[in-house]
Amino acid sequence: MIRRSTLLQLAAFGYDLTTCAIAWGGSYLLRFEGLVPYGFAHTGLILLPLIMLIHGISFRACGLYRGLWLFASLPDFLRIIRAVTMGGIVTVIAVVVLHPTPTVPRTILFLTPVLELMLMGGARISYRASKEFYRYGGLLAQGKPVLIVGAGQAAAALTRELSRSTEWRLVGLLDDDPTKHGRNLNGWTILGPIRDLPRWAKHYNATNVIVAIPSASLEAQKQVFELCVHNGLKVMVLPSLTGLDAGMPFLPLIRNINLEDLLGREAVSIDSPQVAALLSDQVIMVSGAGGSIGSELCRQIAKFHPALLIAMDQSEFALYRISEEVRTNLPELAFLPIAGDVKDSILLDDILGRYSPAVVFHAAAYKHVPLMEQVNAWSAVRNNVLGTYRIARASAVHGVRRFVLISTDKAVNPTNVMGATKRLAEMVCQALQINYPGTAFETVRFGNVLGSDGSVVPKFQEQIARGGPVTVTHPEITRYFMTIPEATQLVLQASCMGEGAEIFILDMGKPIRIVDLARDLIQLHGLTEEQVKIQFTGLRPGEKLFEELLADAETTLPTHHPKLRIAKARDVAPEWLDELLAWLGQRRVVPDEEVRRDLRRWVPEYSTNVAPPLSSIQTLKGSH
């Protein structure tokens with residue numbers, strides 16, 4: 001079957017040969033003012049096949065059929081000039097060599113290329129102009145066509161601004177209120193319901209959409225975003241108008257949607273006075289302060305004006321990065337960067353004894369599942385368990401009022417070393433609560449956060465930037481996601497609420513399939529799955545298909561905050577901690593298999609059983 005592009009090239013070639021014949025004949029008519037003598041007409045007809053062959057070869061040689069007429073531009077016209085000139089020169093040579101009787105007048109040899117150029121170039125200009133007139137309604141100079149979703153006050157104000165814009169040209173609005181359909185808003189028609197957006201976008205050849213429903217629920221906005229993204233439309237969103245002065249232009253505030261918009265997470269509301277009472281004018285310490293969660297904790301804590309913020313991290317570069325950010329954006333904040341390891345008891349005693357923090361947030365951890373599963377299992381145990389014990393115990397000894405452990409959903413029924421070590425860290429805090437009742441030990445457990453160091457989103461973005469493929473381990477793998485600011489704000493809220501030994505569970509919403517996340521990112525980059533493939537690679541060591549937030553034997557209790565619940569985990573006996581410390585105190589590197597064996601003893605719910613790998617993995621081409 002002949003491809004459509006090949007047929008178009010053949011049609012264009014046929015047209016150009018026809019123009020050659022018309023130009024040759026037309027030049028005779030112009031030269032003899034419409035009455036061509038028989039002898040000259042006979043010579044012209046005899047030479048016509050040769051002239052068409054010469055020009056046809058010239059057209060092909062000059063590459064006239066590499067581009068599309070729809071995008072005809074100056075380079076295309078230059079190629080036409082070269083082709084016609086070459087054909088004209090070869091025609092002159094052929095006429096001189098053949099020397100027919102009667103000969104071809106010189107006027108004919110000059111007029112033919114001129115007429116040819118006019119017919120070939122004019123056709124291309126006319127075709128492009130007609131297509132653009134059809135596509136843009138003859139208003140190309142007035143900007144790119146755009147549709148507005150919404151027909152309320154925000155949309156009305158937006159239409160007035162768009163009417164003065166040279167970048168955009170509004171073609172219509174859509175709204176789900178049936179009483180508005182067919183009516184006009186500031187001169188623009190409300191075309192119909194939002195579900196018809198793909199049809200109207202195709203009708204008007206509009207690839208841009210502005211969502212102007214700031215008062216709608218996040219779930220409703222999310223549905224609109226998904227409709228646009230899944231139909232290949234570029235989506236911009238109008239932010240909330242709250243806080244804008246009357247008459248203030250907000251067209252510059254319109255932004256492209258991002259992955260957080262597609263998640264549809266409700267904004268977090270925290271009890272700021274309660275958090276302020278805990279943090280304001282107090283010395284606060286954050287371990288792992290250079291990481292994604294730790295650095296955001298520093299930013300959020302800074303808003304409550306602590307007397308001193310101590311930021312500790314083992315990574316010199318991560319500590320330098322957050323230090324520079326604080327120095328630039330928060331020069332008034334009393335900030336102390338500490339380069340050190342949470343397993344260093346001497347350093348911890350010195351820092352905690354010297355500055356006496358009121359609250360310690362422990363975010364330092366090894367968290368990369370496959371990396372900790374093989375070769376580094378014992379390092380994960382020492383960093384995540386022994387490190388937690390030493391900083392938690394030092395906090396209690398030096399009178400810290402609250403110690404907050406940042407945990408993970410992978411600690412629930414763990415199937416990997418990292419998750420098992422985080423569950424052990426939770427249990428360490430539970431045991432220390434019995435031995436040191438003067439300090440409230442609290443754990444906050446949540447799932448993945450968008451954009452964190454080493455997480456799936458930055459990895460996908462790098463793969464998309466390289467042109468793919470985007471690699472997903474399994475078509476059914478799901479994870480809980482929330483934004484980093486949302487997670488850290490809820491951590492601060494939870495830190496005010498506990499009395500000791502609680503495990504707080506954050507409301508993570510609904511789990512998301514990773515393959516859907518990959519598709520959304522590809523489409524947000526303006527690409528398709530034909531351009532950037534998705535490939536399945538099989539589950540990695542220790543990886544679950546589905547994460548959980550509660551263990552099977554656990555129940556939860558509500559709190560006064562709708563996004564926080566308390567898990568009732570099993571009790572931990574005080575003597576258990578002594579046995580664990582003896583195990584952690586081994587002065588050798590314990591082999592991976594031995595680590596996994598012993599972890600099953602300390603964490604009974606730990607299992608290394610995972611879903612079997614895919615027997616055959618192929619590139620996915622399906623839809624959502």
# chains A, B, ... in the order shown; residues from 1 in each chain; ligands from 1
$ select_by_dssp --residues "stretch 265-500 of chain A" --states "strand (DSSP E or B)" --output "ChimeraX atom specification"
/A:283-287,308-313,335-339,359-362,402-408,440-446,448-449,470-472,478-479,481-482
$ residues_around --residues "stretch 355-369 of chain A" --least-positions-apart "4" --cutoff "9 Å" --atoms "only C-alpha atoms" --output "VMD selection string"
chain A and resid 278 to 279 282 to 291 293 to 294 297 308 to 310 312 to 314 342 350 to 351 373 379 to 380 383 to 384 387 to 388 391 to 392 395 398 to 407 416 to 419 422 454 to 455 495 540 to 543
$ select_by_dssp --residues "stretch 387-526 of chain A" --states "alpha helix (DSSP H)" --output "PyMOL selection string"
chain A and resi 387-397+417-435+456-465+484-497+514-524
$ atom_distance --atom1 "atom CA of A:Thr189" --atom2 "atom CA of A:Val171"
8.1 Å
